[in-house]
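What follows is start-v8.cif (mmCIF, C-alpha atoms).
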data_entry
loop_
_atom_site.label_atom_id
_atom_site.label_comp_id
_atom_site.auth_asym_id
_atom_site.auth_seq_id
_atom_site.Cartn_x
_atom_site.Cartn_y
_atom_site.Cartn_z
CA MET A 1 -28.58 18.60 15.23
CA SER A 2 -25.58 16.82 13.67
CA GLU A 3 -22.58 16.10 15.83
CA THR A 4 -19.64 18.37 15.06
CA TYR A 5 -16.01 17.25 15.35
CA ASP A 6 -12.70 19.00 15.01
CA VAL A 7 -11.61 16.23 12.64
CA VAL A 8 -13.33 13.39 10.82
CA GLY A 9 -11.16 10.65 9.32
CA ILE A 10 -12.40 8.54 6.42
CA GLY A 11 -10.86 5.09 6.16
CA LEU A 12 -8.87 3.25 8.82
CA GLY A 13 -5.85 1.85 7.08
CA PRO A 14 -2.48 2.18 8.84
CA PHE A 15 -2.14 5.90 8.11
CA ASN A 16 -5.49 7.14 9.43
CA LEU A 17 -5.32 4.57 12.24
CA GLY A 18 -1.99 6.14 13.19
CA LEU A 19 -3.60 9.59 13.12
CA ALA A 20 -6.37 8.35 15.41
CA ALA A 21 -3.79 6.86 17.80
CA LEU A 22 -1.76 10.08 17.93
CA ALA A 23 -4.95 12.09 18.43
CA GLU A 24 -6.25 9.88 21.26
CA PRO A 25 -4.37 11.67 24.09
CA LEU A 26 -5.76 15.00 22.83
CA VAL A 27 -9.27 13.55 22.75
CA ALA A 28 -8.88 12.17 26.27
CA ALA A 29 -7.72 15.60 27.50
CA GLY A 30 -10.68 17.36 25.88
CA GLU A 31 -8.47 19.37 23.53
CA LEU A 32 -9.74 17.70 20.36
CA SER A 33 -12.88 15.96 19.18
CA ALA A 34 -12.48 13.32 16.49
CA ALA A 35 -14.31 10.53 14.72
CA PHE A 36 -12.90 7.99 12.27
CA PHE A 37 -15.08 5.79 10.06
CA ASP A 38 -14.42 2.66 8.01
CA ARG A 39 -16.84 0.50 6.06
CA ARG A 40 -15.08 -2.74 7.07
CA GLU A 41 -16.13 -4.69 10.15
CA ASP A 42 -12.69 -4.43 11.77
CA PHE A 43 -9.03 -3.98 10.92
CA VAL A 44 -7.18 -6.49 8.76
CA TRP A 45 -4.21 -5.70 6.57
CA HIS A 46 -3.74 -7.33 3.15
CA GLU A 47 -5.82 -10.34 4.16
CA GLY A 48 -5.38 -12.07 0.81
CA MET A 49 -1.58 -11.96 1.15
CA MET A 50 -1.26 -12.90 4.84
CA LEU A 51 1.31 -15.59 4.17
CA PRO A 52 2.54 -17.01 7.48
CA TRP A 53 6.22 -16.27 6.81
CA ALA A 54 5.84 -12.91 5.01
CA THR A 55 7.19 -9.83 6.74
CA ILE A 56 6.49 -6.15 6.22
CA GLN A 57 9.27 -4.35 4.37
CA VAL A 58 10.04 -1.72 7.00
CA PRO A 59 11.50 -2.11 10.52
CA PHE A 60 9.28 -2.35 13.59
CA LEU A 61 10.01 1.30 14.47
CA ALA A 62 7.85 2.19 11.47
CA ASP A 63 4.74 1.42 13.51
CA LEU A 64 1.71 3.68 13.84
CA VAL A 65 3.20 6.13 16.35
CA SER A 66 6.80 5.62 17.45
CA LEU A 67 8.55 7.97 15.02
CA ALA A 68 6.22 10.75 16.22
CA ASP A 69 5.94 9.73 19.88
CA PRO A 70 8.28 6.98 21.12
CA THR A 71 6.53 7.10 24.51
CA SER A 72 3.07 6.30 23.11
CA ARG A 73 1.20 3.38 24.63
CA PHE A 74 0.21 2.46 21.08
CA SER A 75 3.74 1.50 20.01
CA PHE A 76 4.60 -1.89 18.55
CA LEU A 77 7.00 -2.54 21.43
CA ASN A 78 4.23 -1.92 23.96
CA TYR A 79 2.01 -4.27 21.98
CA LEU A 80 4.67 -6.97 22.31
CA LYS A 81 5.00 -6.25 26.02
CA GLN A 82 1.26 -6.49 26.60
CA GLN A 83 1.18 -9.77 24.66
CA GLY A 84 4.01 -11.19 26.77
CA ARG A 85 6.18 -11.55 23.68
CA ILE A 86 8.74 -8.78 23.93
CA HIS A 87 11.59 -11.05 25.05
CA ARG A 88 10.86 -13.55 22.29
CA TYR A 89 10.95 -10.73 19.77
CA TYR A 90 14.24 -9.54 21.26
CA ILE A 91 15.76 -13.00 20.97
CA ARG A 92 14.46 -13.32 17.42
CA GLU A 93 16.64 -10.34 16.48
CA ASP A 94 14.56 -9.46 13.44
CA PHE A 95 13.77 -5.83 12.67
CA TYR A 96 10.92 -6.80 10.34
CA PRO A 97 7.62 -7.95 11.90
CA LEU A 98 5.61 -10.67 10.26
CA ARG A 99 2.77 -9.30 8.16
CA SER A 100 0.26 -11.15 10.34
CA GLU A 101 2.00 -9.74 13.42
CA TYR A 102 1.74 -6.19 12.10
CA SER A 103 -1.93 -6.66 11.24
CA ALA A 104 -2.66 -8.01 14.74
CA TYR A 105 -0.80 -5.03 16.23
CA CYS A 106 -2.92 -2.57 14.25
CA ALA A 107 -6.10 -4.37 15.30
CA TRP A 108 -4.91 -4.18 18.93
CA VAL A 109 -4.47 -0.40 18.61
CA ALA A 110 -7.84 -0.01 16.91
CA GLY A 111 -9.54 -1.86 19.74
CA GLN A 112 -8.30 0.68 22.31
CA LEU A 113 -9.33 3.87 20.53
CA SER A 114 -12.40 5.86 21.52
CA THR A 115 -12.83 7.53 18.13
CA THR A 116 -13.14 4.64 15.66
CA THR A 117 -16.41 3.40 14.17
CA TRP A 118 -16.52 0.36 11.89
CA SER A 119 -19.16 -0.97 9.48
CA THR A 120 -19.93 2.61 8.51
CA GLU A 121 -19.47 3.90 4.99
CA VAL A 122 -18.89 7.53 4.08
CA THR A 123 -21.05 8.29 1.06
CA GLY A 124 -20.51 12.03 0.66
CA VAL A 125 -18.56 15.06 1.81
CA ARG A 126 -19.66 18.62 1.07
CA ARG A 127 -18.61 22.05 2.24
CA ASP A 128 -21.34 24.13 3.84
CA PRO A 129 -21.72 27.90 3.55
CA ASP A 130 -20.27 28.36 7.05
CA GLY A 131 -17.03 26.69 5.93
CA LEU A 132 -17.54 23.41 7.81
CA TRP A 133 -17.77 20.01 6.16
CA THR A 134 -20.84 17.79 6.26
CA VAL A 135 -20.01 14.09 6.07
CA THR A 136 -22.80 11.71 5.12
CA LEU A 137 -22.63 8.23 6.65
CA SER A 138 -24.41 4.98 5.96
CA ASP A 139 -24.61 2.01 8.33
CA ALA A 140 -27.04 -0.72 9.32
CA ALA A 141 -29.32 1.86 10.94
CA GLY A 142 -29.53 3.97 7.80
CA ALA A 143 -28.10 7.32 6.75
CA ARG A 144 -26.95 10.13 9.03
CA GLU A 145 -24.67 13.15 8.96
CA VAL A 146 -21.85 14.56 11.06
CA ARG A 147 -20.03 17.86 10.64
CA ALA A 148 -16.33 18.59 10.84
CA TYR A 149 -13.90 21.48 10.84
CA HIS A 150 -11.33 19.23 9.19
CA VAL A 151 -11.56 16.04 7.12
CA VAL A 152 -8.75 13.56 6.47
CA SER A 153 -9.25 11.02 3.69
CA GLY A 154 -7.16 7.87 4.05
CA VAL A 155 -8.97 5.31 1.94
CA GLY A 156 -5.93 3.47 0.61
CA THR A 157 -4.96 1.92 -2.68
CA THR A 158 -6.98 -0.38 -4.94
CA PRO A 159 -5.87 -3.38 -7.04
CA ASN A 160 -4.53 -2.38 -10.44
CA VAL A 161 -4.77 -4.39 -13.66
CA PRO A 162 -3.13 -2.89 -16.77
CA ALA A 163 -5.32 -2.33 -19.82
CA PRO A 164 -3.82 -5.23 -21.89
CA LEU A 165 -4.97 -7.63 -19.16
CA ALA A 166 -8.21 -5.91 -18.14
CA GLU A 167 -10.46 -8.43 -19.88
CA ALA A 168 -8.85 -11.25 -17.90
CA VAL A 169 -10.29 -10.26 -14.53
CA ASP A 170 -13.72 -11.75 -15.23
CA ALA A 171 -12.37 -15.10 -16.42
CA PRO A 172 -12.57 -18.13 -14.10
CA GLY A 173 -9.21 -18.94 -12.57
CA VAL A 174 -7.82 -15.42 -12.97
CA TRP A 175 -7.25 -13.44 -9.79
CA HIS A 176 -5.40 -10.37 -8.65
CA SER A 177 -2.67 -11.12 -6.13
CA SER A 178 -4.74 -9.44 -3.39
CA GLU A 179 -7.09 -12.46 -3.56
CA PHE A 180 -4.40 -15.15 -3.50
CA LEU A 181 -5.10 -16.76 -0.11
CA HIS A 182 -8.86 -16.71 -0.72
CA HIS A 183 -8.33 -19.06 -3.70
CA ARG A 184 -5.15 -20.90 -2.75
CA GLY A 185 -6.81 -24.31 -2.76
CA GLU A 186 -8.07 -23.88 -6.32
CA ILE A 187 -4.72 -22.50 -7.41
CA GLU A 188 -2.71 -25.38 -5.98
CA ALA A 189 -5.08 -27.91 -7.55
CA ALA A 190 -4.54 -26.54 -11.06
CA ASP A 191 -2.29 -28.24 -13.63
CA SER A 192 -0.59 -24.98 -14.59
CA VAL A 193 -0.23 -21.61 -12.86
CA THR A 194 1.24 -18.38 -14.24
CA VAL A 195 2.23 -15.38 -12.17
CA VAL A 196 2.42 -12.02 -13.95
CA GLY A 197 4.14 -9.15 -12.17
CA SER A 198 7.43 -7.82 -10.93
CA GLY A 199 7.14 -6.86 -7.26
CA GLN A 200 7.07 -8.37 -3.79
CA SER A 201 3.62 -9.91 -4.18
CA ALA A 202 4.59 -11.75 -7.36
CA ALA A 203 7.71 -13.11 -5.69
CA GLU A 204 5.85 -14.14 -2.52
CA ILE A 205 3.18 -15.99 -4.49
CA TYR A 206 5.73 -17.77 -6.67
CA ARG A 207 7.69 -18.77 -3.57
CA ALA A 208 4.54 -19.94 -1.75
CA LEU A 209 3.64 -22.28 -4.62
CA MET A 210 7.05 -23.77 -5.44
CA GLU A 211 7.19 -26.89 -3.27
CA THR A 212 3.56 -27.86 -3.82
CA ALA A 213 3.87 -27.35 -7.56
CA ALA A 214 6.99 -29.51 -7.68
CA ALA A 215 5.32 -32.25 -5.62
CA ASN A 216 2.16 -32.21 -7.75
CA GLY A 217 3.88 -31.89 -11.13
CA THR A 218 2.23 -28.51 -11.67
CA ARG A 219 3.75 -26.15 -14.20
CA LEU A 220 4.54 -22.85 -12.48
CA ASP A 221 5.67 -19.88 -14.56
CA TRP A 222 6.56 -16.28 -13.71
CA PHE A 223 6.69 -13.47 -16.28
CA THR A 224 7.60 -9.85 -15.65
CA ARG A 225 8.08 -6.90 -17.96
CA SER A 226 10.88 -5.58 -15.73
CA PRO A 227 14.32 -6.13 -17.28
CA ARG A 228 15.39 -8.16 -14.24
CA PHE A 229 14.12 -9.34 -10.88
CA PHE A 230 14.79 -6.06 -9.10
CA PRO A 231 15.62 -6.05 -5.39
CA MET A 232 14.08 -3.22 -3.43
CA GLU A 233 16.72 -0.56 -2.81
CA TYR A 234 17.31 -0.28 0.89
CA THR A 235 20.65 1.44 1.21
CA LYS A 236 20.81 4.22 3.76
CA LEU A 237 21.47 7.19 1.48
CA THR A 238 18.62 6.05 -0.75
CA LEU A 239 16.31 5.91 2.27
CA GLU A 240 16.95 9.63 2.68
CA LEU A 241 14.69 10.13 -0.34
CA THR A 242 11.81 9.84 2.15
CA SER A 243 13.17 12.81 4.11
CA PRO A 244 11.38 16.18 4.45
CA GLU A 245 14.27 17.78 2.56
CA TYR A 246 13.83 15.57 -0.50
CA THR A 247 10.04 15.76 -0.29
CA GLY A 248 10.22 19.56 -0.29
CA TYR A 249 12.61 19.56 -3.24
CA PHE A 250 10.44 17.09 -5.18
CA HIS A 251 7.25 19.02 -4.42
CA GLY A 252 8.78 22.15 -5.96
CA LEU A 253 9.45 20.51 -9.33
CA ASP A 254 7.05 20.82 -12.25
CA THR A 255 4.50 18.08 -12.85
CA ALA A 256 6.25 16.48 -15.82
CA ARG A 257 9.58 16.25 -14.00
CA ARG A 258 7.93 14.75 -10.90
CA ASP A 259 6.13 12.13 -12.98
CA SER A 260 9.35 11.23 -14.78
CA LEU A 261 11.23 10.88 -11.49
CA ASN A 262 8.50 8.71 -9.97
CA GLN A 263 8.62 6.37 -12.93
CA TYR A 264 12.40 6.15 -12.67
CA GLN A 265 12.30 5.57 -8.91
CA ARG A 266 9.56 2.92 -8.85
CA ASN A 267 11.93 0.08 -8.00
CA LEU A 268 13.24 1.94 -4.98
CA HIS A 269 10.08 0.91 -3.13
CA LYS A 270 8.26 -1.51 -5.46
CA GLY A 271 11.02 -4.09 -5.82
CA ILE A 272 11.48 -7.48 -4.16
CA SER A 273 13.32 -8.01 -0.92
CA ALA A 274 16.81 -9.32 -1.62
CA ASP A 275 16.35 -12.11 0.95
CA LEU A 276 13.29 -13.39 -0.90
CA ILE A 277 15.06 -13.34 -4.27
CA ASN A 278 17.89 -15.38 -2.78
CA ASP A 279 15.44 -17.77 -1.11
CA ILE A 280 13.70 -18.38 -4.45
CA TYR A 281 17.02 -19.15 -6.10
CA ASP A 282 18.07 -21.49 -3.29
CA THR A 283 14.71 -23.28 -3.45
CA LEU A 284 14.96 -23.66 -7.23
CA ASP A 285 18.44 -25.11 -6.84
CA ARG A 286 17.35 -27.51 -4.10
CA LEU A 287 14.31 -28.66 -6.06
CA SER A 288 16.42 -29.19 -9.18
CA ILE A 289 18.29 -31.87 -7.22
CA GLN A 290 15.43 -33.39 -5.23
CA GLN A 291 12.21 -32.88 -7.22
CA PRO A 292 12.57 -30.61 -10.26
CA LEU A 293 10.00 -27.85 -10.69
CA ASP A 294 8.53 -27.41 -14.18
CA THR A 295 8.95 -23.66 -14.42
CA THR A 296 9.90 -20.71 -16.59
CA LEU A 297 11.08 -17.40 -15.20
CA ARG A 298 11.35 -14.71 -17.84
CA THR A 299 12.00 -10.98 -17.55
CA GLY A 300 11.49 -8.19 -20.08
CA VAL A 301 8.17 -9.68 -21.22
CA SER A 302 4.86 -7.83 -21.59
CA ALA A 303 1.66 -9.87 -21.44
CA THR A 304 -1.64 -9.34 -23.25
CA TRP A 305 -4.86 -11.29 -22.75
CA SER A 306 -5.42 -13.31 -25.94
CA PRO A 307 -8.33 -15.78 -25.74
CA GLY A 308 -8.28 -18.45 -28.42
CA ALA A 309 -4.67 -17.96 -29.51
CA GLU A 310 -2.59 -21.07 -30.19
CA PRO A 311 0.18 -21.73 -27.62
CA THR A 312 3.70 -21.61 -29.03
CA ASP A 313 5.82 -22.63 -26.00
CA GLY A 314 4.47 -26.13 -25.36
CA SER A 315 2.25 -24.96 -22.49
CA THR A 316 -1.32 -26.13 -21.93
CA GLY A 317 -4.28 -24.60 -20.13
CA ARG A 318 -7.60 -22.85 -20.64
CA HIS A 319 -6.24 -19.28 -20.77
CA ARG A 320 -3.93 -17.58 -23.25
CA LEU A 321 -1.39 -14.81 -22.82
CA HIS A 322 0.38 -13.21 -25.76
CA LEU A 323 3.94 -12.50 -24.67
CA ALA A 324 6.32 -10.00 -26.26
CA HIS A 325 9.99 -9.82 -25.31
CA GLY A 326 11.00 -6.18 -25.56
CA GLU A 327 14.75 -6.53 -26.11
CA SER A 328 14.77 -9.30 -28.72
CA GLY A 329 11.42 -8.58 -30.36
CA ALA A 330 10.39 -12.23 -30.01
CA THR A 331 6.70 -12.99 -29.43
CA GLY A 332 4.71 -16.06 -28.50
CA VAL A 333 1.57 -17.40 -26.82
CA HIS A 334 1.51 -19.01 -23.38
CA ALA A 335 -1.29 -21.16 -21.94
CA SER A 336 -2.21 -21.61 -18.28
CA ASP A 337 -5.15 -22.90 -16.23
CA VAL A 338 -4.64 -20.21 -13.57
CA VAL A 339 -3.31 -16.69 -14.00
CA ILE A 340 -2.39 -14.55 -11.00
CA LEU A 341 -2.09 -10.85 -11.75
CA ALA A 342 0.46 -9.48 -9.30
CA THR A 343 0.23 -6.14 -11.08
CA GLY A 344 0.23 -3.86 -8.08
CA TYR A 345 -2.10 -1.24 -6.73
CA ARG A 346 -3.43 2.06 -7.96
CA PRO A 347 -2.90 5.05 -5.67
CA PRO A 348 -6.09 6.70 -4.41
CA GLN A 349 -7.80 8.85 -7.00
CA LEU A 350 -10.59 11.28 -6.16
CA PRO A 351 -12.98 8.98 -4.25
CA ASP A 352 -16.67 9.13 -5.05
CA PHE A 353 -17.52 10.54 -1.62
CA LEU A 354 -15.38 13.62 -2.31
CA ARG A 355 -17.01 14.44 -5.65
CA PRO A 356 -19.61 16.75 -4.03
CA ALA A 357 -16.63 18.75 -2.72
CA ALA A 358 -14.74 18.78 -6.04
CA GLY A 359 -15.33 22.50 -6.52
CA HIS A 360 -13.25 23.17 -3.40
CA ILE A 361 -10.39 20.80 -4.29
CA ARG A 362 -7.21 21.74 -6.16
CA PHE A 363 -6.31 19.62 -9.21
CA ASP A 364 -3.19 19.52 -11.34
CA GLU A 365 -3.12 19.69 -15.13
CA ARG A 366 -3.55 15.91 -15.31
CA GLY A 367 -6.70 15.88 -13.19
CA ARG A 368 -5.09 14.55 -10.01
CA MET A 369 -5.53 16.10 -6.59
CA ALA A 370 -2.92 18.85 -6.19
CA VAL A 371 -1.69 17.98 -2.71
CA GLY A 372 -0.02 20.79 -0.77
CA LEU A 373 3.28 20.29 0.99
CA GLU A 374 1.37 19.80 4.27
CA PHE A 375 -1.08 17.33 2.67
CA ASP A 376 -4.03 19.71 2.19
CA ILE A 377 -6.02 19.70 -1.06
CA ASP A 378 -8.17 22.79 -0.52
CA GLU A 379 -7.26 26.46 -0.27
CA GLU A 380 -8.55 26.75 3.29
CA GLY A 381 -6.30 23.92 4.49
CA THR A 382 -9.08 21.89 6.12
CA LEU A 383 -9.25 18.88 3.78
CA PHE A 384 -6.30 16.45 3.83
CA VAL A 385 -5.31 13.19 2.15
CA GLN A 386 -3.06 10.30 3.22
CA ASN A 387 -1.11 8.14 0.75
CA ALA A 388 -2.70 9.87 -2.23
CA GLU A 389 0.25 12.14 -2.90
CA GLU A 390 2.98 10.07 -4.51
CA HIS A 391 2.75 12.32 -7.59
CA THR A 392 3.50 15.36 -5.41
CA HIS A 393 5.57 13.92 -2.52
CA ALA A 394 7.39 10.94 -4.11
CA LEU A 395 8.53 7.97 -2.05
CA SER A 396 7.40 9.31 1.32
CA ALA A 397 3.71 8.90 0.38
CA PRO A 398 3.36 5.09 0.69
CA ASP A 399 6.19 4.66 3.21
CA LEU A 400 4.82 3.33 6.52
CA GLY A 401 7.73 4.89 8.38
CA MET A 402 6.78 8.39 7.25
CA GLY A 403 3.14 8.01 8.33
CA PRO A 404 3.72 9.30 11.89
CA TRP A 405 5.65 12.28 10.54
CA ARG A 406 2.85 13.15 8.11
CA ASN A 407 0.28 12.77 10.90
CA SER A 408 2.35 15.10 13.08
CA VAL A 409 2.14 17.70 10.31
CA ILE A 410 -1.61 17.22 9.87
CA LEU A 411 -2.24 17.44 13.62
CA LYS A 412 -0.20 20.66 13.73
CA ARG A 413 -2.45 22.14 11.05
CA ILE A 414 -5.61 20.99 12.83
CA THR A 415 -4.68 22.08 16.36
CA GLY A 416 -2.60 25.14 15.52
CA ARG A 417 0.33 23.85 17.57
CA GLU A 418 3.09 21.30 17.22
CA VAL A 419 1.69 18.50 19.34
CA TYR A 420 4.51 16.18 18.30
CA PRO A 421 7.90 17.59 17.22
CA VAL A 422 8.04 17.81 13.42
CA GLU A 423 11.52 17.17 12.07
CA ARG A 424 12.28 19.57 9.24
CA ALA A 425 15.62 18.07 8.29
CA PHE A 426 17.44 14.83 8.92
CA ALA A 427 19.18 13.99 5.63
CA HIS A 428 22.96 14.09 5.41
CA GLN A 429 22.89 14.83 1.67
CA SER A 430 21.68 17.85 -0.32
CA PHE A 431 19.05 17.70 -3.03
CA GLY A 432 18.70 19.77 -6.15
CA GLY A 433 20.98 22.50 -7.34
CA GLU A 434 20.51 25.18 -4.71
CA GLY A 435 23.83 26.70 -3.61
CA LEU A 436 25.83 25.47 -6.61
#

Now, as a test, write the supplied structure out as structure tokens.
Amino acid sequence: MSETYDVVGIGLGPFNLGLAALAEPLVAAGELSAAFFDRREDFVWHEGMMLPWATIQVPFLADLVSLADPTSRFSFLNYLKQQGRIHRYYIREDFYPLRSEYSAYCAWVAGQLSTTTWSTEVTGVRRDPDGLWTVTLSDAAGAREVRAYHVVSGVGTTPNVPAPLAEAVDAPGVWHSSEFLHHRGEIEAADSVTVVGSGQSAAEIYRALMETAAANGTRLDWFTRSPRFFPMEYTKLTLELTSPEYTGYFHGLDTARRDSLNQYQRNLHKGISADLINDIYDTLDRLSIQQPLDTTLRTGVSATWSPGAEPTDGSTGRHRLHLAHGESGATGVHASDVVILATGYRPPQLPDFLRPAAGHIRFDERGRMAVGLEFDIDEEGTLFVQNAEEHTHALSAPDLGMGPWRNSVILKRITGREVYPVERAFAHQSFGGEGL
């Protein structure tokens, strides 16, 4: 007989790891049975971008549990205490943990949980006639099945490369930003490097290469189609767009209006930290005095992969990018030995393992999962998704700080009670036109 759980989680990124941490006291008390599976060997977060000085873009309170349960033993502050580092962190007076620090914290939490299983891939999910879910697993021992009353998919985002650059990904010396540290030696040894992209990853990679490029005489260029180098908006009233009030308002809009708003609001959470922008400027200015960097930074430019085209800007290298400046209409061809595509990530689509359950899943008119306000995607309210709902929930979907809140909602649906208090309202402002 297959084991049966109250909840099975698929994927152990920060969001499902947070759900497992919040569920652990219930599991220990015998109130809930749970199992979480991930195909990786252990937890590591954005390994290819684990730059030693890079921080996460949310404060330490946006850990796996604190905004749901500040008393949890799985908090970031308790992690620091157990590592003997809490006073150093206090003296550092920095709200934003290092990316490596956050990854180590998550791994520390994962190592204490009784419900996590690694090196195990979920290959299928189907609903049985009795209403339960059968989850098919594959590991070194072979295939097996478990059953669940509830399933939570939290498989995360995947690297995105726009269609005009899609043919570039198979070329030698072309990598997505997620692979940067795996190839840093080759990148720094090249005669010319071009970064394409507009967000935090593009800026971090450009900054990481500046001094070495200047010292080696490497040409280092950065092109973005954004009209300027946008800082991520982090003002307090804007942060209220992650609130339950705004999420509820946004969820009630029609699909076309939601999509339009998401496109308009992209730079509210996909921009560059203002400190990093300033650091890049200061470094450029310092290098211009000490050891000039051969570089071009250009905004408002779209790039297309164009093998064999003749360079027009004096650049040299084995690869070619056709560049088009939107405002002026000017076009040209740029050459580079290495191209780094810092072109972001694609939100989770319907994963292959959920295709056997597709007949039980709601979809919108554009073929995306129609995620309910409480993160369910089936009419029975037993199948949930994490960070796959930006098209229905806006900015709160990828926000690490809203993960504990979302997990509180999901646990309420699973257990039938409010295990952790669920804030319904905390915004000072009003959204929409109700009451006008």

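The gap separating CA of Ser177 (chain A) from CA of Gly344 (chain A) is 8.1 Å, in Å to one decimal.
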
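With only C-alpha atoms as the atoms that count, the residue of A:Gly124, A:Gly199, A:Gly300, A:Gly435 with the shortest distance to Ala357 (chain A) is A:Gly124.
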
Taking the file as shown, what set of residues would the PyMOL selection byres ((chain A and resi 74) around 7) give back, as a compact mmCIF listing (two decimals) with C-alpha atoms, keeping the file's coordinate frame?
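Okay, this is what ended up in selection.txt:
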# COMPACT_ATOMS: atom_id res chain seq x y z
CA ALA A 21 -3.79 6.86 17.80
CA VAL A 65 3.20 6.13 16.35
CA SER A 72 3.07 6.30 23.11
CA ARG A 73 1.20 3.38 24.63
CA SER A 75 3.74 1.50 20.01
CA PHE A 76 4.60 -1.89 18.55
CA ASN A 78 4.23 -1.92 23.96
CA VAL A 109 -4.47 -0.40 18.61

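Between Met50 (chain A) and the residues A:Asp259, A:Asp285, A:Asp6, A:Glu179, the shortest atom-to-atom distance, using only C-alpha atoms, involves A:Glu179.
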
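Note that the spacing between CA of Thr299 (chain A) and CA of Pro227 (chain A) amounts to 5.4 Å.
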
For this session: Would you write out, as a PyMOL selection string, every residue that the PyMOL selection byres ((chain A and resi 343) around 6) captures in this file?
Result: chain A and resi 161+197+341-342+344

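Here CA of His176 (chain A) is placed at a distance of 5.7 Å from CA of Ile340 (chain A).
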
Which residues of region 226-314 of chain A have any atom within 8 Å of an atom in region 363-384 of chain A when counting all atoms listed in the file, and what is the closest pair of atoms for each, with the distance in Å to one decimal? Order the rows by chain and rising number and write it as a tab-separated table.
residue	atom	partner	partner_atom	distance
A:Gly248	CA	A:Leu373	CA	7.1
A:His251	CA	A:Leu373	CA	6.8
A:Thr255	CA	A:Asp364	CA	8.0

Exercise. For Gly271 (chain A), which of A:Thr136, A:Gln57, A:Ser192, A:Thr242 is the closest residue, counting only C-alpha atoms?
Worked result: A:Gln57

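If you apply the PyMOL selection byres ((chain A and resi 3) around 7) to this structure, you end up with Met1, Ser2, Thr4, Tyr5, Val146 and Arg147 of chain A.
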
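Counting all atoms listed in the file, the residue from A:Glu389, A:Glu434, A:Asp337, A:Asp38 that sits nearest to Leu12 (chain A) is A:Asp38.
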
For this session: Just the residues within 6 Å of region 312-328 of chain A, please, counting only C-alpha atoms, with nothing from its chain fewer than 3 positions along; format it as a PyMOL selection string.
Result: chain A and resi 300-307+331-337

Enumerate, in order of chain and increasing residue number, the residues of region 142-181 of chain A with an atom no farther than 9 Å from region 402-423 of chain A, each with its shortest atom pair and distance in Å to one decimal, counting only C-alpha atoms, as a Markdown table.
| residue | atom | partner | partner_atom | distance |
| --- | --- | --- | --- | --- |
| A:Tyr149 | CA | A:Ile414 | CA | 8.5 |
| A:His150 | CA | A:Ile414 | CA | 7.0 |
| A:Val152 | CA | A:Ile410 | CA | 8.7 |

So that I have them on file, write out the residues from the current selection with C-alpha atoms, as a compact mmCIF listing (two decimals), in the coordinates of the input.
# COMPACT_ATOMS: atom_id res chain seq x y z
CA TYR A 149 -13.90 21.48 10.84
CA HIS A 150 -11.33 19.23 9.19
CA VAL A 152 -8.75 13.56 6.47

Exercise. Excluding same-chain residues fewer than 4 positions from Gln290 (chain A), what lies within 12 Å of it counting only C-alpha atoms, as a VMD selection string?
Worked result: chain A and resid 211 214 to 215 283 to 286

Could you take the residues named above and write them with C-alpha atoms, as an mmCIF file, keeping the file's coordinate frame?
data_model
loop_
_atom_site.group_PDB
_atom_site.id
_atom_site.type_symbol
_atom_site.label_atom_id
_atom_site.label_comp_id
_atom_site.auth_asym_id
_atom_site.auth_seq_id
_atom_site.Cartn_x
_atom_site.Cartn_y
_atom_site.Cartn_z
ATOM 1 C CA GLU A 211 7.190 -26.890 -3.270
ATOM 2 C CA ALA A 214 6.990 -29.510 -7.680
ATOM 3 C CA ALA A 215 5.320 -32.250 -5.620
ATOM 4 C CA THR A 283 14.710 -23.280 -3.450
ATOM 5 C CA LEU A 284 14.960 -23.660 -7.230
ATOM 6 C CA ASP A 285 18.440 -25.110 -6.840
ATOM 7 C CA ARG A 286 17.350 -27.510 -4.100
#

Exercise. So which residues touch region 43-49 of chain A within 10 Å, counting all atoms listed in the file, skipping near sequence neighbours fewer than 5 positions away, as a count of residues only?
Worked result: 31

For this session: With a distance cut-off of 12 Å and only C-alpha atoms, select the neighbouring residues of Phe37 (chain A), excluding the residue or stretch itself and same-chain residues fewer than 2 positions from it, and output the selection as an MDAnalysis selection string.
Result: chainID A and resid 7:13 16:17 20 34:35 39:43 110 114:123 135:139 146 151:155

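Taking all atoms listed in the file into account, Ala397 (chain A) lies nearest to A:Leu241 out of the set A:Leu436, A:Ala309, A:Leu241, A:Ala68.
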
For this session: With a distance cut-off of 12 Å and only C-alpha atoms, select the neighbouring residues of Arg207 (chain A), excluding the residue or stretch itself and same-chain residues fewer than 4 positions from it, and output the selection as JSON, numbers by chain.
Result: {"A": [51, 53, 54, 195, 200, 201, 202, 203, 211, 212, 213, 214, 220, 221, 222, 272, 275, 276, 277, 278, 279, 280, 281, 282, 283, 284, 293, 295]}

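Checking A:Ser33, A:Thr194, A:Thr235, A:Asn160 one by one against Thr296 (chain A), counting all atoms listed in the file, you find the shortest gap at A:Thr194.
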